[in-house]
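Visitor: Right, I'll just put the structure down here and ask away after.
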Amino acid sequence: MQSLELLAPAGNADIGIAAIDHGADAVYVGAPQFSARANAGVAVAGIARLIQHAHLYHARVYVALNTILADDEIPKALDVIREVHDLGADGLIIQDPGLLEADLPPIPLIASTQMHNDTPEKIRFLEDVGFVRAILARELSLEEIAAIRKRTQIELECFVHGALCVSYSGQCYMSHAVTGRSGNRGVCAQPCRSHYTLADGGGNVILADKFLLSLKDLNLMNDLPALVAAGVTSFKIEGRYKEIDYVKNVTAAYSQVLDDFVAKHPAYRRSSSGRSEILFSPDPAKTFNRGFTKYFISGRREKVASIDTPKSMGQPVGTVTGAGKDFFRTDCRDLKNGDGLCFFTGERNLLGFRVERVEGSKIFPNTMKGLAKGVHLFRNHDAALTRVLNKISGRRRINVEMNFARSGDTIRLAAEDEDGNRTESIMDMPYVEPRDPAMAREQIDKHISGTGNTPFKVTKITISDSIGFSTIRFLNSIKRDVLEKLEKVRFEKYPRKTAVFVPNNVPYPEKTLDYRANVFNELARRFYARHGAEVVEPAFEILPEKAGREVMRTKHCLLYELDACVKSGRSRRKLQEPLRISDEHHAYLLRFDCEACRMSVILLGKK
């Protein structure tokens with residue numbers, strides 16, 4: 001039976017625990033140092049607490065140490081790796097291949113998407129050198145994923161929801177070029193979310209102060225069956241910078257979809273134990289999003305950019321039908337005090353406001369600026385949902401069957417969980433004939449099945465014919481004892497995987513590597529040499545001259561976005577090349593590879 005994994009982000013231990021409680025089969029968390037989200041690193045104590053909670057449900061915890069490393073950082077990184085391995089981490093997400101030349105503990109290795117895992121040849125190489133999983137490039141289509149699956153056996157992990165990097169992951173140098181903060185070193189300044197002016201070859205301004213490189217958010221919730229068919233087994237939600245309400249909502253939504261798929265396809269199962277009881281109706285549109293896209297999972301079929309704003313728009317909720325001095329009316333009937341709404345002005349600028357109070361059909365905002373009849377409204381803060389999510393909004397329970405039997409003055413309570421783990425508790429209680437046998441059985445059933453705040457749910461109780469009378473105190477005591485033993489057995493029998501890394505000489509798919517190989521230390525250079533590739537340039541971060549270099553390569557294409565793509569057959573305008581974009585301080589040349597259907601951003605220098 002094939003296991004499927006829903007993988008959720010954990011910006012801290014509490015968020016990771018909430019993700020598991022709301023249906024995640026695994027979580028990924030930043031290492032205390034050297035994570036690609038430097039500000040989302042989690043201290044050792046937090047990782048330990050998260051692992052303890054996850055392993056009870058046989059859920060996994062993967063630790064991301066996925067930056068490129070300087071030579072003097074490698075010993076420190078190895079200390080961190082050994083520490084998280086000793087804590088019980090289930091996998092290590094890395095970008096820097098120099099670590100494969102070091103003495104690693106037997107922790108399964110996962111190739112970060114920062115390694116730009118986009119071809120069958122590259123992923124077959126990763127498998128051959130010892131990685132157990134590859135996190136796929138976000139740009140891949142279903143057909144490309146299926147082609148990778150056909151040629152490899154390695155586990156395939158795919159992003160299904162959340163913010164998109166506009167550049168090929170690991171191949172973006174824009175942040176470092178303009179701010180000195182490197183995405184490959186975990187401190188991306190996100191220049192893709194800044195505004196730019198686009199000019200044509202004649203210097204004519206086509207668009208001014210627009211967010212030309214900012215993408216919508218990924219949403220593949222309805223595409224999970226197709227991804228399974230293509231060979232994906234781990235479905236990843238982006239968001240180690242996201243708050244707990246976002247993670248709860250999105251995780252619960254995807255978990256329900258995956259549960260529904262598994263229920264209809266008996267050849268598949270969830271990779272962890274227990275099921276989550278969700279106390280709200282999850283809907284990803286109700287938490288942070290910039291509008292949704294399927295990106296390129298079905299090829300280039302839609303515009304993927306959020307050119308007018310990089311901010312969350314949330315969910316479309318209705319239209320302004322009328323306005324007074326300090327209120328407006330709308331066809332949306334479920335607005336609440338405290339809701340946050342936004343809308344686009346005629347100039348396509350995003351404005352927002354807070355609902356201060358609702359009186360029947362009248363909505364009183366904190367500002368009326370821009371509000372007029374016909375304005376389309378979005379809710380980017382759902383006050384009612386937030387209140388629910390700030391409380392206990394989900395519980396996860398492991399199914400258990402109980403057997404209650406008496407022999408003379410001895411009572412035996414046996415328990416077996418859904419994974420086949422068995423425990424029993426044997427206690428003495430003098431036999432007393434019950435005055436009402438039916439009521440005595442009912443009391444046993446009631447107090448043995450009530451599991452309170454434990455992680456278990458009793459789904460079946462078998463009670464022997466000769467039961468006698470048992471006090472409530474005794475029943476609670478024997479039940480508590482057997483469940484504590486069962487919890488201990490689950491930890492003892494947790495199926496932790498190990499993987500001993502053994503260096504080899506499998507040829508790398510490329511023979512010559514430039515700065516885009518991100519070689520930042522001598523061990524990485526040695527790794528590529530071992531595998532027959534010559535590194536002719538160091539990482540971008542230490543290149544002596546950066547002007548004239550490609551700082552971004554992307555499937556997002558402004559020609560397509562602006563209806564000027566000849567290849568697509570939908571061109572309605574012609575733009576005079578070369579096109580340039582600029583911000584307040586820097587200028588860039590846009591280069592279009594129409595055969596490969598991608599765009600490159602070349603740093604020209606300061607303005």
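Order determines the names: the first chain of the structure tokens is A, the second B, and so forth; residues in each chain are numbered 1 upward, and ligands are numbered 1 upward as they are shown.
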What's around segment 291-295 of chain A at 10 Å? Count only C-alpha atoms, leave out sequence neighbours fewer than 6 positions away in its own chain, and write the answer as a PyMOL selection string.

Guide: chain A and resi 138-141+160-164+215-223+284-285+301-306+310-316+555-556

Visitor: Sorted by chain and rising residue number, which residues of segment 193-258 of chain A lie within 10 Å of segment 23-26 of chain A, and what are their closest atom pairs and distances in Å to one decimal, counting only C-alpha atoms, as CSV?

Guide:
```
residue,atom,partner,partner_atom,distance
A:Ser234,CA,A:Ala26,CA,9.1
A:Phe235,CA,A:Asp25,CA,9.8
A:Lys236,CA,A:Ala26,CA,9.3
A:Ile237,CA,A:Ala24,CA,9.8
A:Val247,CA,A:Ala24,CA,9.9
A:Lys248,CA,A:Gly23,CA,8.8
A:Val250,CA,A:Gly23,CA,9.9
A:Thr251,CA,A:Gly23,CA,6.3
A:Ala252,CA,A:Gly23,CA,5.8
A:Ala253,CA,A:Gly23,CA,8.8
A:Tyr254,CA,A:Gly23,CA,8.3
A:Ser255,CA,A:Gly23,CA,5.3
A:Gln256,CA,A:Gly23,CA,8.0
A:Leu258,CA,A:Gly23,CA,9.6
```

Visitor: Hey, can you spit out that residue selection with N, CA, C and O atoms as a tab-separated table (two decimals), in the first residue's frame?

Guide:
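What ended up in again.tsv:
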```tsv
chain	number	residue	atom	x	y	z
A	234	SER	N	4.53	13.20	-1.46
A	234	SER	CA	4.54	14.17	-0.37
A	234	SER	C	4.07	15.51	-0.92
A	234	SER	O	4.62	16.01	-1.91
A	235	PHE	N	3.07	16.10	-0.25
A	235	PHE	CA	2.43	17.32	-0.74
A	235	PHE	C	2.72	18.45	0.26
A	235	PHE	O	2.26	18.42	1.39
A	236	LYS	N	3.46	19.43	-0.20
A	236	LYS	CA	4.07	20.42	0.69
A	236	LYS	C	3.34	21.76	0.67
A	236	LYS	O	3.12	22.34	-0.40
A	237	ILE	N	3.00	22.23	1.86
A	237	ILE	CA	2.44	23.56	2.04
A	237	ILE	C	3.57	24.51	2.39
A	237	ILE	O	4.31	24.27	3.33
A	247	VAL	N	-1.67	28.22	9.09
A	247	VAL	CA	-1.25	26.82	9.02
A	247	VAL	C	-2.39	25.89	9.42
A	247	VAL	O	-2.62	24.86	8.79
A	248	LYS	N	-3.12	26.24	10.46
A	248	LYS	CA	-4.27	25.43	10.86
A	248	LYS	C	-5.28	25.31	9.73
A	248	LYS	O	-5.74	24.20	9.38
A	250	VAL	N	-5.13	25.99	6.35
A	250	VAL	CA	-4.70	25.37	5.10
A	250	VAL	C	-4.42	23.88	5.29
A	250	VAL	O	-4.80	23.04	4.47
A	251	THR	N	-3.77	23.53	6.40
A	251	THR	CA	-3.48	22.12	6.66
A	251	THR	C	-4.77	21.31	6.77
A	251	THR	O	-4.89	20.23	6.18
A	252	ALA	N	-5.74	21.83	7.52
A	252	ALA	CA	-7.01	21.12	7.68
A	252	ALA	C	-7.72	20.94	6.34
A	252	ALA	O	-8.30	19.88	6.06
A	253	ALA	N	-7.68	21.97	5.49
A	253	ALA	CA	-8.35	21.89	4.19
A	253	ALA	C	-7.72	20.80	3.32
A	253	ALA	O	-8.43	19.98	2.72
A	254	TYR	N	-6.40	20.78	3.24
A	254	TYR	CA	-5.73	19.78	2.41
A	254	TYR	C	-5.86	18.38	3.01
A	254	TYR	O	-5.95	17.39	2.27
A	255	SER	N	-5.86	18.29	4.32
A	255	SER	CA	-6.01	16.99	4.96
A	255	SER	C	-7.36	16.37	4.63
A	255	SER	O	-7.46	15.16	4.37
A	256	GLN	N	-8.40	17.17	4.61
A	256	GLN	CA	-9.72	16.66	4.27
A	256	GLN	C	-9.77	16.16	2.83
A	256	GLN	O	-10.37	15.12	2.54
A	258	LEU	N	-7.19	15.04	1.10
A	258	LEU	CA	-6.38	13.82	1.02
A	258	LEU	C	-7.12	12.64	1.66
A	258	LEU	O	-7.06	11.51	1.14
```

Visitor: Quick check, in Å to one decimal: how far apart do atom CA of Arg553 of chain A and atom CA of Leu109 of chain A lie?

Guide: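 For atom CA of Arg553 of chain A relative to atom CA of Leu109 of chain A, the distance reads 26.7 Å.
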
Visitor: Give one line per residue of segment 16-83 of chain A that approaches segment 490-499 of chain A to at most 12 Å, naming the two atoms of the closest pair and their distance in Å to one decimal, counting only C-alpha atoms; sort by chain then ascending residue number and deliver it as CSV.

Guide:
```
residue,atom,partner,partner_atom,distance
A:Ile51,CA,A:Phe491,CA,10.7
A:Gln52,CA,A:Phe491,CA,8.4
A:His53,CA,A:Phe491,CA,10.0
A:Ala54,CA,A:Phe491,CA,10.1
A:His55,CA,A:Phe491,CA,6.7
A:Leu56,CA,A:Phe491,CA,6.1
A:Tyr57,CA,A:Arg490,CA,8.2
A:His58,CA,A:Tyr494,CA,6.4
A:Ala59,CA,A:Tyr494,CA,9.4
A:Arg60,CA,A:Arg496,CA,8.7
A:Val61,CA,A:Arg496,CA,10.6
A:Tyr62,CA,A:Lys497,CA,11.9
```

Visitor: Residues of segment 527-557 of chain A that have any atom at most 12 Å from an atom of segment 190-194 of chain A: could you tabulate them with the shortest-distance atom pair and the distance in Å to one decimal, using only C-alpha atoms, ordered by chain and increasing number, as a Markdown table?

Guide:
```
| residue | atom | partner | partner_atom | distance |
| --- | --- | --- | --- | --- |
| A:Val551 | CA | A:Pro191 | CA | 11.3 |
| A:Met552 | CA | A:Cys192 | CA | 9.8 |
| A:Thr554 | CA | A:Cys192 | CA | 11.3 |
| A:His556 | CA | A:Cys192 | CA | 11.6 |
```

Visitor: Let's have the selection written as a tab-separated table (two decimals), in the first residue's frame, with N, CA and C atoms.

Guide:
```tsv
chain	number	residue	atom	x	y	z
A	551	VAL	N	20.48	37.54	-12.91
A	551	VAL	CA	20.19	37.45	-11.48
A	551	VAL	C	18.86	36.75	-11.20
A	552	MET	N	18.14	36.43	-12.27
A	552	MET	CA	16.89	35.70	-12.11
A	552	MET	C	16.55	35.01	-13.43
A	554	THR	N	13.23	32.72	-14.87
A	554	THR	CA	11.87	32.44	-14.42
A	554	THR	C	10.97	31.97	-15.57
A	556	HIS	N	7.85	32.75	-15.37
A	556	HIS	CA	6.96	33.91	-15.47
A	556	HIS	C	7.48	34.80	-16.59
```

Visitor: At a cut-off of 10 Å, using only C-alpha atoms, what residues contact Ser477 of chain A? Leave out same-chain residues fewer than 6 positions from it and give the result as a tab-separated table (two decimals) with all heavy atoms, in the first residue's frame.

Guide:
```
chain	number	residue	atom	x	y	z
A	425	SER	N	-3.40	-3.82	31.13
A	425	SER	CA	-3.26	-3.48	32.53
A	425	SER	C	-4.07	-4.49	33.34
A	425	SER	O	-5.22	-4.77	33.01
A	425	SER	CB	-3.76	-2.06	32.80
A	425	SER	OG	-3.59	-1.71	34.15
A	427	MET	N	-5.32	-5.44	37.18
A	427	MET	CA	-5.50	-4.93	38.54
A	427	MET	C	-6.50	-5.81	39.30
A	427	MET	O	-7.39	-6.42	38.69
A	427	MET	CB	-6.01	-3.49	38.52
A	427	MET	CG	-5.04	-2.48	37.96
A	427	MET	SD	-5.71	-0.78	38.08
A	427	MET	CE	-4.36	0.13	37.36
A	448	ILE	N	-14.78	3.53	30.28
A	448	ILE	CA	-13.61	3.06	29.54
A	448	ILE	C	-13.50	3.80	28.20
A	448	ILE	O	-12.41	4.08	27.72
A	448	ILE	CB	-13.68	1.54	29.31
A	448	ILE	CG1	-13.59	0.79	30.65
A	448	ILE	CG2	-12.55	1.07	28.38
A	448	ILE	CD1	-12.30	1.04	31.41
A	471	THR	N	-16.08	0.20	40.53
A	471	THR	CA	-16.29	1.61	40.86
A	471	THR	C	-15.78	2.48	39.71
A	471	THR	O	-14.92	2.08	38.92
A	471	THR	CB	-15.55	1.99	42.15
A	471	THR	OG1	-14.14	1.89	41.92
A	471	THR	CG2	-15.95	1.09	43.31
```

Visitor: Looking only at strand (DSSP E) from DSSP on the backbone, list the matching residues of segment 183-378 of chain A as a PyMOL selection string.

Guide: chain A and resi 196-199+205-210+217-219+234-237+268-270+275-278+292-293+315-323+328-330+340-344+350-359+362-365+376-378

Visitor: Kindly assemble as CSV a list of the segment 177-260 of chain A residues that lie within 12 Å of segment 518-524 of chain A, each paired with its nearest atom pair and their distance in Å to one decimal, using only C-alpha atoms, sorted first by chain and then by ascending residue number.

Guide:
```
residue,atom,partner,partner_atom,distance
A:Ser182,CA,A:Asn518,CA,11.2
A:Gly183,CA,A:Asn518,CA,11.3
A:Asn184,CA,A:Asn518,CA,8.1
A:Arg185,CA,A:Phe520,CA,10.1
```

Visitor: Between atom CA of Ala19 of chain A and atom CA of Ile392 of chain A, what distance in Å does the model show, to one decimal?

Guide: 12.1 Å

Visitor: So, with only C-alpha atoms as the atoms that count, which of A:Arg580, A:Cys597, A:Ala440, A:Tyr588 lies closest to Ala199 of chain A?

Guide: A:Arg580

Visitor: Would you kindly return, as a list in words, each protein, DNA or RNA residue with an atom no farther than 9 Å from any atom of Phe280 of chain A, considering only C-alpha atoms and excluding same-chain residues fewer than 2 positions away?

Guide: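 Within the cut-off, the hits are Asn249, Ile278, Pro282, Leu385, Val388, Leu389, Ser393 and Gly394 of chain A.
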
Visitor: So which residues touch Phe131 of chain A within 12 Å, counting only C-alpha atoms, skipping near sequence neighbours fewer than 6 positions away, as a list in words?

Guide: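 So the residues in contact are Gly91, Leu92, Ile93, Ile94, Gln95, Pro97, Leu100, Pro106, Ile107, Pro108, Leu109, Ile110, Ala111, Ser112, Lys122, Ile123, Arg124, Phe125, Thr152, Gln153, Ile154, Glu155, Leu156, Thr498, Ala499, Val500, Phe501, Val502 and Pro503 of chain A.
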
Visitor: One decimal, in Å: what's the spacing between atom CA of Ile145 of chain A and atom CA of Ala230 of chain A?

Guide: 6.0 Å

Visitor: Pick from A:Val178, A:Met1, A:Leu562, A:Cys557: nearest to Leu590 of chain A, with only C-alpha atoms counted?

Guide: A:Cys557

Visitor: Using only C-alpha atoms, which protein or nucleic acid residues come within 6 Å of Tyr515 of chain A? Drop anything in the same chain fewer than 3 positions from it, and give the result as JSON, numbers by chain.

Guide: {"A": [518, 537, 538, 539, 540]}

Visitor: Counting only C-alpha atoms, which residue out of A:Arg181, A:Lys446, A:Arg572, A:Lys485 sits closest to Ala38 of chain A?

Guide: A:Arg181
